[in-house]
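This is data12.cif. It holds mmCIF, C-alpha atoms.
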data_entry
#
loop_
_atom_site.label_atom_id
_atom_site.label_comp_id
_atom_site.auth_asym_id
_atom_site.auth_seq_id
_atom_site.Cartn_x
_atom_site.Cartn_y
_atom_site.Cartn_z
CA MET W 1016 -1.93 -7.83 -45.46
CA HIS W 1017 -4.74 -5.75 -46.87
CA ASP W 1018 -8.30 -5.50 -45.64
CA LEU W 1019 -9.96 -8.46 -47.41
CA LYS W 1020 -13.28 -6.61 -47.52
CA LYS W 1021 -11.61 -3.74 -49.37
CA LEU W 1022 -9.93 -6.16 -51.76
CA ARG W 1023 -13.25 -7.84 -52.52
CA GLU W 1024 -15.23 -4.67 -53.02
CA SER W 1025 -12.70 -2.40 -54.74
CA PRO W 1026 -10.74 -3.69 -57.74
CA GLU W 1027 -9.51 -0.12 -58.23
CA TYR W 1028 -7.81 -0.25 -54.83
CA ILE W 1029 -5.75 -3.27 -55.87
CA LYS W 1030 -4.87 -1.67 -59.20
CA ASP W 1031 -3.72 1.46 -57.34
CA VAL W 1032 -1.55 -0.57 -54.91
CA LEU W 1033 0.18 -2.33 -57.79
CA ALA W 1034 0.43 0.71 -60.06
CA ARG W 1035 2.27 2.71 -57.38
CA ARG W 1036 4.96 0.02 -57.35
CA GLY W 1037 5.00 -0.61 -61.08
CA VAL W 1038 3.94 -4.21 -60.46
CA SER W 1039 1.61 -5.91 -62.92
CA ASN W 1040 1.53 -9.40 -61.38
CA PRO W 1041 2.45 -9.96 -57.72
CA TRP W 1042 1.84 -13.70 -58.24
CA LYS W 1043 4.32 -14.26 -61.08
CA ASP W 1044 6.37 -16.69 -58.97
CA TRP W 1045 3.37 -18.53 -57.55
CA ASN W 1046 1.12 -21.25 -58.97
CA ASP W 1047 -1.80 -22.61 -57.01
CA CYS W 1048 -3.30 -26.04 -57.66
CA ASP W 1049 -5.05 -24.76 -60.81
CA GLY W 1050 -2.03 -23.14 -62.41
CA PRO W 1051 -0.52 -19.66 -62.80
CA PHE W 1052 -2.08 -16.64 -61.15
CA ASP W 1053 -2.55 -13.15 -62.55
CA LEU W 1054 -4.72 -10.08 -61.96
CA GLU W 1055 -7.43 -11.24 -64.38
CA ARG W 1056 -7.74 -14.56 -62.58
CA PHE W 1057 -7.71 -12.81 -59.21
CA PHE W 1058 -10.68 -10.64 -60.18
CA ARG W 1059 -12.55 -13.62 -61.67
CA LEU W 1060 -12.11 -15.74 -58.53
CA GLN W 1061 -12.86 -12.71 -56.42
CA ASN W 1062 -16.24 -12.31 -58.14
CA GLU W 1063 -16.96 -16.01 -57.70
CA GLU W 1064 -16.04 -15.78 -54.03
CA LEU W 1065 -18.16 -12.68 -53.46
CA SER W 1066 -21.15 -14.23 -55.26
CA LEU W 1067 -20.90 -17.43 -53.23
CA LEU W 1068 -20.41 -15.48 -50.02
CA ARG W 1069 -23.62 -13.52 -50.67
CA GLU W 1070 -25.51 -16.75 -51.36
CA VAL W 1071 -24.18 -18.32 -48.15
CA GLU W 1072 -25.10 -15.24 -46.13
CA SER W 1073 -28.58 -15.24 -47.68
CA LEU W 1074 -29.07 -18.92 -46.84
CA ARG W 1075 -27.87 -18.36 -43.28
CA THR W 1076 -30.24 -15.42 -42.89
CA ARG W 1077 -33.15 -17.51 -44.17
CA LYS W 1078 -32.15 -20.34 -41.82
CA ASN W 1079 -32.38 -17.96 -38.86
CA GLN W 1080 -35.76 -16.67 -40.10
CA ILE W 1081 -37.08 -20.23 -40.37
CA ALA W 1082 -35.96 -20.96 -36.82
CA ALA W 1083 -37.98 -17.99 -35.58
CA GLU W 1084 -41.04 -18.91 -37.70
CA PHE W 1085 -40.81 -22.54 -36.63
CA GLY W 1086 -40.97 -21.50 -32.99
CA LYS W 1087 -44.04 -19.36 -33.57
CA LEU W 1088 -45.88 -22.14 -35.44
CA LYS W 1089 -45.01 -24.62 -32.72
CA MET W 1090 -46.40 -22.34 -30.04
CA ALA W 1091 -49.54 -21.83 -32.11
CA LYS W 1092 -49.74 -25.62 -32.65
CA GLU W 1093 -49.83 -25.12 -36.42
CA ASP W 1094 -48.41 -27.35 -39.14
CA THR W 1095 -44.61 -27.04 -39.53
CA THR W 1096 -44.15 -29.62 -42.30
CA ALA W 1097 -43.46 -27.09 -45.08
CA LEU W 1098 -40.92 -25.25 -42.94
CA ALA W 1099 -39.23 -28.51 -41.95
CA GLU W 1100 -38.88 -29.49 -45.63
CA GLU W 1101 -37.55 -26.04 -46.49
CA VAL W 1102 -34.97 -26.13 -43.72
CA GLU W 1103 -33.74 -29.58 -44.81
CA ASN W 1104 -33.33 -28.38 -48.41
CA LEU W 1105 -31.68 -25.23 -47.12
CA LYS W 1106 -29.18 -27.23 -45.05
CA VAL W 1107 -28.18 -29.32 -48.05
CA ASN W 1108 -27.82 -26.20 -50.19
CA LEU W 1109 -25.82 -24.42 -47.48
CA VAL W 1110 -23.40 -27.34 -47.06
CA ASP W 1111 -22.89 -27.40 -50.83
CA LYS W 1112 -22.24 -23.65 -51.07
CA GLU W 1113 -19.92 -23.62 -48.03
CA ALA W 1114 -17.97 -26.55 -49.50
CA LYS W 1115 -17.44 -24.56 -52.69
CA LEU W 1116 -16.61 -21.38 -50.78
CA ALA W 1117 -13.94 -22.88 -48.49
CA PRO W 1118 -11.30 -23.64 -51.16
CA LEU W 1119 -12.01 -20.30 -52.84
CA ASN W 1120 -11.45 -18.54 -49.50
CA ALA W 1121 -8.15 -20.40 -49.08
CA ILE W 1122 -6.94 -19.49 -52.59
CA MET W 1123 -7.94 -15.85 -52.24
CA GLU W 1124 -6.34 -15.51 -48.82
CA ALA W 1125 -3.11 -17.04 -50.16
CA ALA W 1126 -3.28 -14.64 -53.09
CA ALA W 1127 -3.94 -11.66 -50.81
CA LEU W 1128 -0.84 -12.52 -48.76
CA ARG W 1129 1.25 -11.90 -51.88
CA ILE W 1130 -0.05 -8.40 -52.59
CA PRO W 1131 2.49 -5.78 -51.36
CA ASN W 1132 1.60 -2.97 -49.00
CA ARG W 1133 0.19 0.26 -50.39
CA LEU W 1134 2.91 2.89 -50.65
CA ASP W 1135 2.45 6.20 -48.89
CA ASP W 1136 1.74 9.20 -51.13
CA SER W 1137 5.09 10.74 -50.14
CA VAL W 1138 7.14 7.87 -51.62
CA PRO W 1139 8.95 9.12 -54.75
CA PHE W 1140 8.28 7.30 -58.00
CA GLY W 1141 11.15 5.28 -59.47
CA LYS W 1142 12.08 1.92 -60.94
CA SER W 1143 15.21 0.96 -59.01
CA GLU W 1144 17.77 2.08 -56.43
CA ALA W 1145 19.21 4.39 -59.07
CA ASP W 1146 16.08 6.53 -58.65
CA ASN W 1147 16.32 6.87 -54.85
CA PRO W 1148 16.64 10.57 -53.89
CA LEU W 1149 19.20 11.75 -51.35
CA VAL W 1150 17.65 13.19 -48.17
CA ARG W 1151 20.86 14.27 -46.41
CA GLU W 1152 24.55 13.51 -46.12
CA VAL W 1153 26.20 13.73 -42.70
CA GLY W 1154 29.88 13.80 -41.77
CA THR W 1155 33.06 14.32 -43.74
CA LYS W 1156 34.79 11.58 -45.67
CA SER W 1157 38.28 10.92 -44.31
CA LEU W 1158 41.26 11.95 -46.41
CA PHE W 1159 44.09 9.42 -46.43
CA ASP W 1160 47.73 9.99 -47.38
CA PHE W 1161 47.79 6.35 -48.50
CA THR W 1162 45.52 4.09 -50.52
CA PRO W 1163 42.83 2.85 -48.09
CA LYS W 1164 42.23 -0.90 -47.99
CA ALA W 1165 38.96 -2.84 -47.94
CA HIS W 1166 37.85 -4.19 -44.56
CA TRP W 1167 38.55 -7.83 -45.40
CA GLU W 1168 42.17 -7.00 -46.23
CA ILE W 1169 42.55 -5.01 -43.01
CA GLY W 1170 40.89 -7.68 -40.88
CA GLU W 1171 42.86 -10.58 -42.27
CA ARG W 1172 46.17 -8.72 -41.93
CA LEU W 1173 45.36 -7.92 -38.29
CA GLY W 1174 44.33 -11.51 -37.62
CA ILE W 1175 40.82 -10.52 -36.49
CA LEU W 1176 38.90 -11.89 -39.50
CA ASP W 1177 39.33 -15.47 -40.70
CA PHE W 1178 37.27 -16.32 -43.77
CA ALA W 1179 39.27 -19.49 -44.54
CA ALA W 1180 38.35 -20.97 -41.15
CA ALA W 1181 34.71 -20.02 -41.68
CA ALA W 1182 34.70 -21.72 -45.08
CA LYS W 1183 36.16 -24.87 -43.50
CA LEU W 1184 33.40 -24.85 -40.87
CA SER W 1185 30.39 -23.76 -42.89
CA GLY W 1186 31.21 -22.88 -46.50
CA SER W 1187 31.15 -19.53 -48.26
CA ARG W 1188 29.50 -16.34 -46.96
CA PHE W 1189 30.42 -16.95 -43.32
CA SER W 1190 33.08 -15.35 -41.12
CA VAL W 1191 35.08 -16.11 -37.99
CA LEU W 1192 36.02 -13.18 -35.76
CA LYS W 1193 39.05 -13.56 -33.52
CA SER W 1194 40.70 -11.67 -30.67
CA ASP W 1195 40.05 -7.93 -31.05
CA GLY W 1196 37.64 -8.70 -33.90
CA ALA W 1197 35.36 -10.65 -31.57
CA ARG W 1198 35.82 -7.94 -28.94
CA LEU W 1199 34.91 -5.18 -31.42
CA GLU W 1200 31.77 -7.03 -32.52
CA ARG W 1201 30.71 -7.42 -28.88
CA ALA W 1202 31.58 -3.79 -28.15
CA LEU W 1203 29.40 -2.55 -31.00
CA ILE W 1204 26.43 -4.63 -29.88
CA SER W 1205 26.73 -3.43 -26.26
CA PHE W 1206 27.28 0.19 -27.28
CA MET W 1207 24.22 0.28 -29.56
CA LEU W 1208 21.96 -1.43 -27.03
CA ASP W 1209 23.11 0.96 -24.30
CA VAL W 1210 22.42 4.03 -26.46
CA HIS W 1211 18.97 2.84 -27.50
CA VAL W 1212 17.95 1.79 -23.99
CA ARG W 1213 19.46 4.68 -22.00
CA GLU W 1214 19.01 7.58 -24.41
CA HIS W 1215 16.12 6.52 -26.65
CA GLN W 1216 14.00 4.72 -24.02
CA PHE W 1217 13.68 1.38 -25.82
CA VAL W 1218 12.84 -1.78 -23.88
CA GLU W 1219 15.47 -4.44 -24.53
CA VAL W 1220 14.33 -7.89 -25.67
CA LEU W 1221 16.29 -11.10 -26.22
CA ALA W 1222 14.09 -13.59 -28.05
CA PRO W 1223 14.46 -17.01 -29.77
CA TYR W 1224 16.23 -17.36 -33.11
CA LEU W 1225 13.84 -20.12 -34.22
CA VAL W 1226 10.22 -19.26 -35.03
CA ASN W 1227 7.12 -20.95 -36.40
CA PRO W 1228 5.68 -20.21 -39.88
CA LYS W 1229 2.92 -18.02 -38.45
CA SER W 1230 5.51 -15.61 -37.06
CA LEU W 1231 7.20 -15.19 -40.45
CA GLN W 1232 3.83 -14.78 -42.16
CA GLY W 1233 2.96 -12.07 -39.66
CA THR W 1234 5.84 -9.80 -40.63
CA GLY W 1235 5.61 -10.58 -44.36
CA GLN W 1236 8.56 -12.94 -44.94
CA LEU W 1237 6.16 -15.78 -45.76
CA PRO W 1238 4.96 -16.71 -48.24
CA LYS W 1239 6.66 -14.08 -50.42
CA PHE W 1240 10.30 -14.74 -49.42
CA ARG W 1241 10.19 -18.47 -48.70
CA GLU W 1242 13.37 -19.10 -50.71
CA GLU W 1243 15.39 -16.62 -48.63
CA VAL W 1244 14.89 -18.14 -45.16
CA PHE W 1245 16.51 -21.22 -43.63
CA LYS W 1246 14.03 -23.91 -42.58
CA LEU W 1247 14.38 -26.79 -40.13
CA ALA W 1248 11.93 -29.07 -41.93
CA GLN W 1249 11.81 -31.74 -39.23
CA ASP W 1250 10.55 -29.23 -36.67
CA ASP W 1251 8.65 -26.86 -38.99
CA LEU W 1252 10.70 -23.97 -37.60
CA TYR W 1253 12.69 -21.24 -39.34
CA LEU W 1254 15.86 -19.36 -38.43
CA ILE W 1255 15.00 -15.68 -38.17
CA PRO W 1256 16.24 -13.32 -40.92
CA THR W 1257 15.92 -10.43 -38.44
CA ALA W 1258 14.72 -9.81 -34.87
CA GLU W 1259 11.86 -7.84 -36.42
CA VAL W 1260 10.09 -11.21 -36.69
CA THR W 1261 10.29 -12.18 -33.03
CA VAL W 1262 9.82 -8.72 -31.53
CA THR W 1263 6.82 -7.72 -33.66
CA ASN W 1264 5.15 -11.07 -33.00
CA LEU W 1265 5.44 -10.51 -29.24
CA HIS W 1266 2.10 -8.70 -29.47
CA ARG W 1267 0.36 -10.99 -31.93
CA ASP W 1268 -3.34 -11.24 -31.01
CA ASP W 1269 -2.87 -8.61 -28.27
CA LEU W 1270 -5.09 -5.63 -27.49
CA LEU W 1271 -2.91 -2.69 -26.44
CA GLU W 1272 -3.90 0.54 -24.71
CA GLU W 1273 -3.49 3.83 -26.56
CA LYS W 1274 -1.91 5.44 -23.50
CA ASP W 1275 0.96 2.93 -23.74
CA LEU W 1276 1.79 3.79 -27.35
CA PRO W 1277 4.25 4.05 -28.85
CA LEU W 1278 5.81 0.88 -27.49
CA LYS W 1279 9.51 0.77 -28.38
CA TYR W 1280 11.60 -2.40 -28.32
CA VAL W 1281 15.24 -3.03 -29.20
CA SER W 1282 16.72 -6.48 -29.70
CA TYR W 1283 20.11 -7.93 -30.55
CA SER W 1284 20.05 -11.16 -32.52
CA ALA W 1285 21.98 -13.27 -34.91
CA CYS W 1286 20.27 -13.21 -38.32
CA PHE W 1287 20.21 -15.89 -41.02
CA ARG W 1288 19.54 -15.31 -44.72
CA ARG W 1289 20.08 -17.40 -47.82
CA GLU W 1290 20.80 -14.24 -49.84
CA ALA W 1291 18.93 -15.86 -52.71
CA GLY W 1292 19.64 -14.16 -56.00
CA SER W 1293 22.81 -12.45 -54.71
CA TYR W 1294 25.34 -15.06 -55.76
CA GLY W 1295 28.30 -13.48 -57.51
CA LYS W 1296 27.76 -10.21 -55.60
CA ASP W 1297 29.72 -9.14 -52.51
CA THR W 1298 31.39 -12.51 -52.10
CA LYS W 1299 34.23 -10.98 -50.08
CA GLY W 1300 34.02 -9.62 -46.57
CA LEU W 1301 31.13 -9.04 -44.18
CA ILE W 1302 28.56 -7.34 -46.39
CA ARG W 1303 26.38 -10.23 -47.56
CA ASN W 1304 26.88 -13.19 -45.23
CA HIS W 1305 24.41 -15.97 -44.48
CA GLN W 1306 24.81 -15.32 -40.73
CA PHE W 1307 25.34 -11.90 -39.19
CA ASN W 1308 24.50 -9.90 -36.08
CA LYS W 1309 22.07 -6.99 -35.93
CA VAL W 1310 20.47 -4.68 -33.40
CA GLU W 1311 16.82 -4.12 -34.36
CA MET W 1312 14.39 -1.40 -33.26
CA VAL W 1313 10.61 -1.95 -33.37
CA TYR W 1314 7.74 0.48 -32.77
CA PHE W 1315 4.04 -0.16 -32.11
CA THR W 1316 2.20 3.12 -32.58
CA THR W 1317 -1.03 4.80 -33.69
CA PRO W 1318 -2.02 5.62 -37.29
CA GLU W 1319 -2.02 9.34 -36.51
CA ARG W 1320 1.64 9.47 -35.55
CA SER W 1321 3.27 6.56 -37.44
CA PHE W 1322 5.01 8.61 -40.13
CA ALA W 1323 6.24 11.13 -37.57
CA ASP W 1324 7.56 8.17 -35.58
CA LEU W 1325 9.36 6.98 -38.71
CA GLU W 1326 11.35 10.22 -38.70
CA THR W 1327 12.18 9.69 -35.00
CA LEU W 1328 13.16 6.06 -35.57
CA THR W 1329 15.44 7.03 -38.45
CA ASN W 1330 17.09 9.71 -36.30
CA GLU W 1331 17.65 7.14 -33.54
CA ALA W 1332 19.46 4.87 -36.00
CA GLU W 1333 21.49 7.83 -37.28
CA ALA W 1334 22.51 8.71 -33.72
CA ILE W 1335 24.80 5.66 -33.60
CA LEU W 1336 26.70 6.80 -36.69
CA ARG W 1337 26.91 10.38 -35.46
CA LYS W 1338 28.37 9.25 -32.12
CA LEU W 1339 30.94 7.06 -33.87
CA ASN W 1340 31.74 9.82 -36.39
CA VAL W 1341 31.19 7.55 -39.39
CA PRO W 1342 30.19 9.45 -42.57
CA TYR W 1343 26.75 8.44 -43.79
CA ARG W 1344 23.81 9.50 -45.92
CA VAL W 1345 20.05 9.02 -45.79
CA ILE W 1346 18.20 7.84 -48.90
CA SER W 1347 14.43 7.84 -49.43
CA LEU W 1348 13.53 4.63 -51.25
CA CYS W 1349 11.53 5.08 -54.43
CA SER W 1350 8.44 3.08 -55.35
CA GLY W 1351 10.38 0.45 -57.28
CA ASP W 1352 12.88 -0.17 -54.47
CA THR W 1353 10.61 -0.18 -51.40
CA GLY W 1354 10.23 -3.53 -49.65
CA PHE W 1355 7.14 -5.74 -49.91
CA SER W 1356 5.67 -4.94 -46.47
CA SER W 1357 6.72 -1.30 -46.23
CA ALA W 1358 4.65 1.80 -46.94
CA LYS W 1359 7.72 4.06 -46.73
CA THR W 1360 11.41 3.41 -46.11
CA TYR W 1361 14.59 5.37 -45.47
CA ASP W 1362 17.94 3.67 -45.99
CA LEU W 1363 21.08 4.72 -44.12
CA GLU W 1364 24.28 4.20 -46.06
CA VAL W 1365 27.83 4.44 -44.66
CA TRP W 1366 30.87 5.56 -46.62
CA MET W 1367 33.38 2.76 -47.24
CA PRO W 1368 36.68 4.37 -48.34
CA GLY W 1369 38.38 1.03 -49.01
CA GLU W 1370 35.67 0.16 -51.52
CA ASN W 1371 35.12 3.79 -52.56
CA ARG W 1372 31.36 3.40 -52.31
CA TRP W 1373 28.33 3.79 -50.05
CA ARG W 1374 26.93 0.70 -48.31
CA GLU W 1375 23.49 0.23 -46.74
CA ILE W 1376 23.67 -0.24 -42.98
CA SER W 1377 20.03 0.29 -41.96
CA SER W 1378 16.52 0.35 -43.39
CA CYS W 1379 13.91 2.22 -41.36
CA SER W 1380 10.34 1.48 -42.42
CA CYS W 1381 6.73 2.27 -41.60
CA PHE W 1382 4.41 -0.66 -42.36
CA THR W 1383 1.13 1.12 -41.51
CA ASP W 1384 -1.39 -1.62 -40.51
CA PHE W 1385 -0.05 -4.18 -43.02
CA GLN W 1386 1.73 -6.36 -40.44
CA ALA W 1387 -0.75 -5.67 -37.65
CA ARG W 1388 -3.63 -7.05 -39.73
CA ARG W 1389 -1.67 -10.26 -40.36
CA MET W 1390 -0.93 -10.58 -36.64
CA ASN W 1391 -4.20 -9.17 -35.27
CA ILE W 1392 -2.51 -6.49 -33.15
CA LYS W 1393 -4.98 -3.85 -32.04
CA TYR W 1394 -5.25 -1.05 -29.54
CA LYS W 1395 -8.20 0.50 -27.74
CA ASN W 1396 -8.45 4.21 -28.51
CA ALA W 1397 -9.74 6.95 -26.21
CA GLN W 1398 -13.31 6.25 -27.34
CA GLY W 1399 -12.95 2.57 -26.49
CA LYS W 1400 -12.92 1.51 -30.16
CA LYS W 1401 -10.52 -1.23 -31.26
CA GLU W 1402 -8.19 -0.28 -34.11
CA LEU W 1403 -5.16 -1.85 -35.76
CA VAL W 1404 -1.82 -0.48 -34.59
CA HIS W 1405 0.84 0.69 -37.01
CA THR W 1406 4.24 -1.03 -36.84
CA LEU W 1407 7.69 0.30 -37.69
CA ASN W 1408 11.18 -1.11 -37.54
CA GLY W 1409 14.74 -0.22 -38.35
CA SER W 1410 18.23 -1.63 -37.97
CA GLY W 1411 19.98 0.10 -35.18
CA LEU W 1412 22.41 -1.02 -36.74
CA ALA W 1413 23.67 -4.01 -38.77
CA VAL W 1414 26.70 -4.99 -36.69
CA GLY W 1415 28.89 -6.61 -39.35
CA ARG W 1416 28.51 -3.70 -41.73
CA LEU W 1417 29.31 -1.23 -38.96
CA PHE W 1418 32.35 -3.36 -38.06
CA ALA W 1419 33.47 -3.13 -41.69
CA ALA W 1420 32.84 0.63 -41.81
CA ILE W 1421 34.97 1.19 -38.72
CA LEU W 1422 37.87 -0.83 -40.12
CA GLU W 1423 37.78 1.15 -43.36
CA ASN W 1424 37.15 4.65 -41.95
CA PHE W 1425 39.54 4.39 -39.00
CA GLN W 1426 42.42 2.53 -40.66
CA LEU W 1427 45.91 3.95 -40.21
CA LYS W 1428 48.91 3.95 -42.53
CA ASP W 1429 50.74 1.27 -40.53
CA GLY W 1430 47.80 -1.15 -40.98
CA SER W 1431 46.36 -0.70 -37.49
CA VAL W 1432 42.87 0.64 -36.75
CA SER W 1433 42.01 3.46 -34.37
CA VAL W 1434 39.14 2.70 -31.99
CA PRO W 1435 36.34 5.34 -32.04
CA GLN W 1436 36.13 7.25 -28.77
CA PRO W 1437 32.66 5.92 -27.68
CA LEU W 1438 34.00 2.36 -27.86
CA LEU W 1439 37.10 2.86 -25.71
CA THR W 1440 35.49 1.70 -22.49
CA TYR W 1441 34.07 -1.38 -24.24
CA MET W 1442 37.33 -2.26 -26.00
CA GLY W 1443 39.78 -1.33 -23.24
CA LYS W 1444 42.24 0.00 -25.84
CA ASP W 1445 42.45 2.81 -28.36
CA LYS W 1446 43.96 0.87 -31.26
CA ILE W 1447 43.71 -2.54 -32.90
CA THR W 1448 47.15 -3.77 -33.93
CA ILE W 1449 48.79 -7.00 -35.02
#
Translate this structure into structure tokens?
Amino acid sequence: MHDLKKLRESPEYIKDVLARRGVSNPWKDWNDCDGPFDLERFFRLQNEELSLLREVESLRTRKNQIAAEFGKLKMAKEDTTALAEEVENLKVNLVDKEAKLAPLNAIMEAAALRIPNRLDDSVPFGKSEADNPLVREVGTKSLFDFTPKAHWEIGERLGILDFAAAAKLSGSRFSVLKSDGARLERALISFMLDVHVREHQFVEVLAPYLVNPKSLQGTGQLPKFREEVFKLAQDDLYLIPTAEVTVTNLHRDDLLEEKDLPLKYVSYSACFRREAGSYGKDTKGLIRNHQFNKVEMVYFTTPERSFADLETLTNEAEAILRKLNVPYRVISLCSGDTGFSSAKTYDLEVWMPGENRWREISSCSCFTDFQARRMNIKYKNAQGKKELVHTLNGSGLAVGRLFAAILENFQLKDGSVSVPQPLLTYMGKDKITI
């Protein structure tokens, strides 16, 4: 969320935020009680709000002045009738103005929640993922003396993936992992957590999968992405789309100490997403399921070091792929492809030889103070001043997609799959066979 004072006082700031993203109307999918919303209406209501706010502040100031004058006249035993009449009229006027201001405040706050974060100056301009520049490519693509298969073919032949059973239980876009498939999923989760805790000094967290609306609003999923999350209406709780939600909200309304920053947390969780708008895409396999597992990394840091920490965070996600010897590349997201809450994002993509394409496996983002303002997360600097922290997060990594990448990159001609060396102790075998 943006500084409301800045939004009120600087229309040019809002125009700059939207222009950087090529967005003309961040409210195109939202109607309030009075109809559709656009930039012109935002500025008009903003002026009304600011005018009313100034009137209310003026009336409150005068009310305080009258209280002081009233006391002086009382002590001097002078007539206070005129002041008493003025204060009664002032009270009526103040109630009227505050009553008009309250719904305006609510509308403007709801509107402000839908304005995306300001992109960092280093974010390249572009309209879509086609404009995302390559930062680096790491590893060598495997050469096969046979035609490599897609992970769902490999998994079903080995009896470790069962999509038919999942469909019977839950419908499409779910999966059942069996035998060495379940073991591989568990091995990947344990391996990634161990690397991040032991080598990267993250604190491990295991948090609830159900959260209240305030938690989702804090990280930016609500109200913008309401259609993409699963809601338990009876309890007014939501299934988390990522552990970013729970872990970042751990410090909601907290005052941290600068000496403790950066705070680094890592969390495994199941994740739940409707994948709204993706129907017809990636219907096979593990790429775009409604339920999947992920290991998430979260930073709380200072404004001075947040973008340097983004480079560190990205490298920590890359470390998993380097250890497993899975070919990958790093992409810098352009202005038209950067997420709503992010100021800058790197995507990690793994090579999938069975599909003959790159697949995203992690997004590492710096949110500046956008989330912290929504959640009121501050720190006390060396001078004792309270400031908003900067938050970052990144997948470290998406487990199902890494599972798929291993099946495709380590498949053998006889249909079996070689187990990457770092996973041997977790798997207890060096090959997955029928």
Mind listing whatever residues come within 9 Å of the point (12.6, -9.0, -36.4)? Use all atoms listed in the file, file coordinates, and give them as a PDB file with C-alpha atoms, in the frame of the given file.
ATOM      1  CA  THR W1234       5.840  -9.800 -40.630  1.00  0.00           C
ATOM      2  CA  ILE W1255      15.000 -15.680 -38.170  1.00  0.00           C
ATOM      3  CA  PRO W1256      16.240 -13.320 -40.920  1.00  0.00           C
ATOM      4  CA  THR W1257      15.920 -10.430 -38.440  1.00  0.00           C
ATOM      5  CA  ALA W1258      14.720  -9.810 -34.870  1.00  0.00           C
ATOM      6  CA  GLU W1259      11.860  -7.840 -36.420  1.00  0.00           C
ATOM      7  CA  VAL W1260      10.090 -11.210 -36.690  1.00  0.00           C
ATOM      8  CA  THR W1261      10.290 -12.180 -33.030  1.00  0.00           C
ATOM      9  CA  VAL W1262       9.820  -8.720 -31.530  1.00  0.00           C
ATOM     10  CA  THR W1263       6.820  -7.720 -33.660  1.00  0.00           C
ATOM     11  CA  ASN W1264       5.150 -11.070 -33.000  1.00  0.00           C
ATOM     12  CA  SER W1282      16.720  -6.480 -29.700  1.00  0.00           C
ATOM     13  CA  SER W1284      20.050 -11.160 -32.520  1.00  0.00           C
ATOM     14  CA  CYS W1286      20.270 -13.210 -38.320  1.00  0.00           C
ATOM     15  CA  GLU W1311      16.820  -4.120 -34.360  1.00  0.00           C
ATOM     16  CA  MET W1312      14.390  -1.400 -33.260  1.00  0.00           C
ATOM     17  CA  VAL W1313      10.610  -1.950 -33.370  1.00  0.00           C
ATOM     18  CA  ASN W1408      11.180  -1.110 -37.540  1.00  0.00           C
TER      19      ASN W1408
END
Practice item. Kindly resolve the PyMOL selection byres ((chain W and resi 1276) around 8) on the present coordinates and return the residues as a ChimeraX atom specification. Key: /W:1272-1275,1277-1278,1315-1317
Please produce a file of those selected residues containing C-alpha atoms, as an mmCIF file, in the frame of the given file.
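For reference, out-v1.cif as written:
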data_model
loop_
_atom_site.group_PDB
_atom_site.id
_atom_site.type_symbol
_atom_site.label_atom_id
_atom_site.label_comp_id
_atom_site.auth_asym_id
_atom_site.auth_seq_id
_atom_site.Cartn_x
_atom_site.Cartn_y
_atom_site.Cartn_z
ATOM 1 C CA GLU W 1272 -3.900 0.540 -24.710
ATOM 2 C CA GLU W 1273 -3.490 3.830 -26.560
ATOM 3 C CA LYS W 1274 -1.910 5.440 -23.500
ATOM 4 C CA ASP W 1275 0.960 2.930 -23.740
ATOM 5 C CA PRO W 1277 4.250 4.050 -28.850
ATOM 6 C CA LEU W 1278 5.810 0.880 -27.490
ATOM 7 C CA PHE W 1315 4.040 -0.160 -32.110
ATOM 8 C CA THR W 1316 2.200 3.120 -32.580
ATOM 9 C CA THR W 1317 -1.030 4.800 -33.690
#
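Non-sequential neighbours of Lys1112 (chain W) (distance at most 10 Å, separation of 4 or more positions within a chain, all atoms listed in the file) are Leu1067, Leu1068, Glu1070, Val1071, Leu1074, Lys1106, Val1107, Asn1108, Leu1116 and Ala1117 of chain W.
Using the PyMOL selection byres ((chain W and resi 1119) around 10) on this structure selects Leu1060, Gln1061, Glu1063, Glu1064, Leu1065, Leu1067, Glu1113, Ala1114, Lys1115, Leu1116, Ala1117, Pro1118, Asn1120, Ala1121, Ile1122, Met1123, Glu1124 and Ala1125 of chain W.
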Kindly save the residues from that selection, with C-alpha atoms included, as a PDB file, in the frame of the given file.
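Generated file (out-v3.pdb):
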ATOM      1  CA  LEU W1060     -12.110 -15.740 -58.530  1.00  0.00           C
ATOM      2  CA  GLN W1061     -12.860 -12.710 -56.420  1.00  0.00           C
ATOM      3  CA  GLU W1063     -16.960 -16.010 -57.700  1.00  0.00           C
ATOM      4  CA  GLU W1064     -16.040 -15.780 -54.030  1.00  0.00           C
ATOM      5  CA  LEU W1065     -18.160 -12.680 -53.460  1.00  0.00           C
ATOM      6  CA  LEU W1067     -20.900 -17.430 -53.230  1.00  0.00           C
ATOM      7  CA  GLU W1113     -19.920 -23.620 -48.030  1.00  0.00           C
ATOM      8  CA  ALA W1114     -17.970 -26.550 -49.500  1.00  0.00           C
ATOM      9  CA  LYS W1115     -17.440 -24.560 -52.690  1.00  0.00           C
ATOM     10  CA  LEU W1116     -16.610 -21.380 -50.780  1.00  0.00           C
ATOM     11  CA  ALA W1117     -13.940 -22.880 -48.490  1.00  0.00           C
ATOM     12  CA  PRO W1118     -11.300 -23.640 -51.160  1.00  0.00           C
ATOM     13  CA  ASN W1120     -11.450 -18.540 -49.500  1.00  0.00           C
ATOM     14  CA  ALA W1121      -8.150 -20.400 -49.080  1.00  0.00           C
ATOM     15  CA  ILE W1122      -6.940 -19.490 -52.590  1.00  0.00           C
ATOM     16  CA  MET W1123      -7.940 -15.850 -52.240  1.00  0.00           C
ATOM     17  CA  GLU W1124      -6.340 -15.510 -48.820  1.00  0.00           C
ATOM     18  CA  ALA W1125      -3.110 -17.040 -50.160  1.00  0.00           C
TER      19      ALA W1125
END
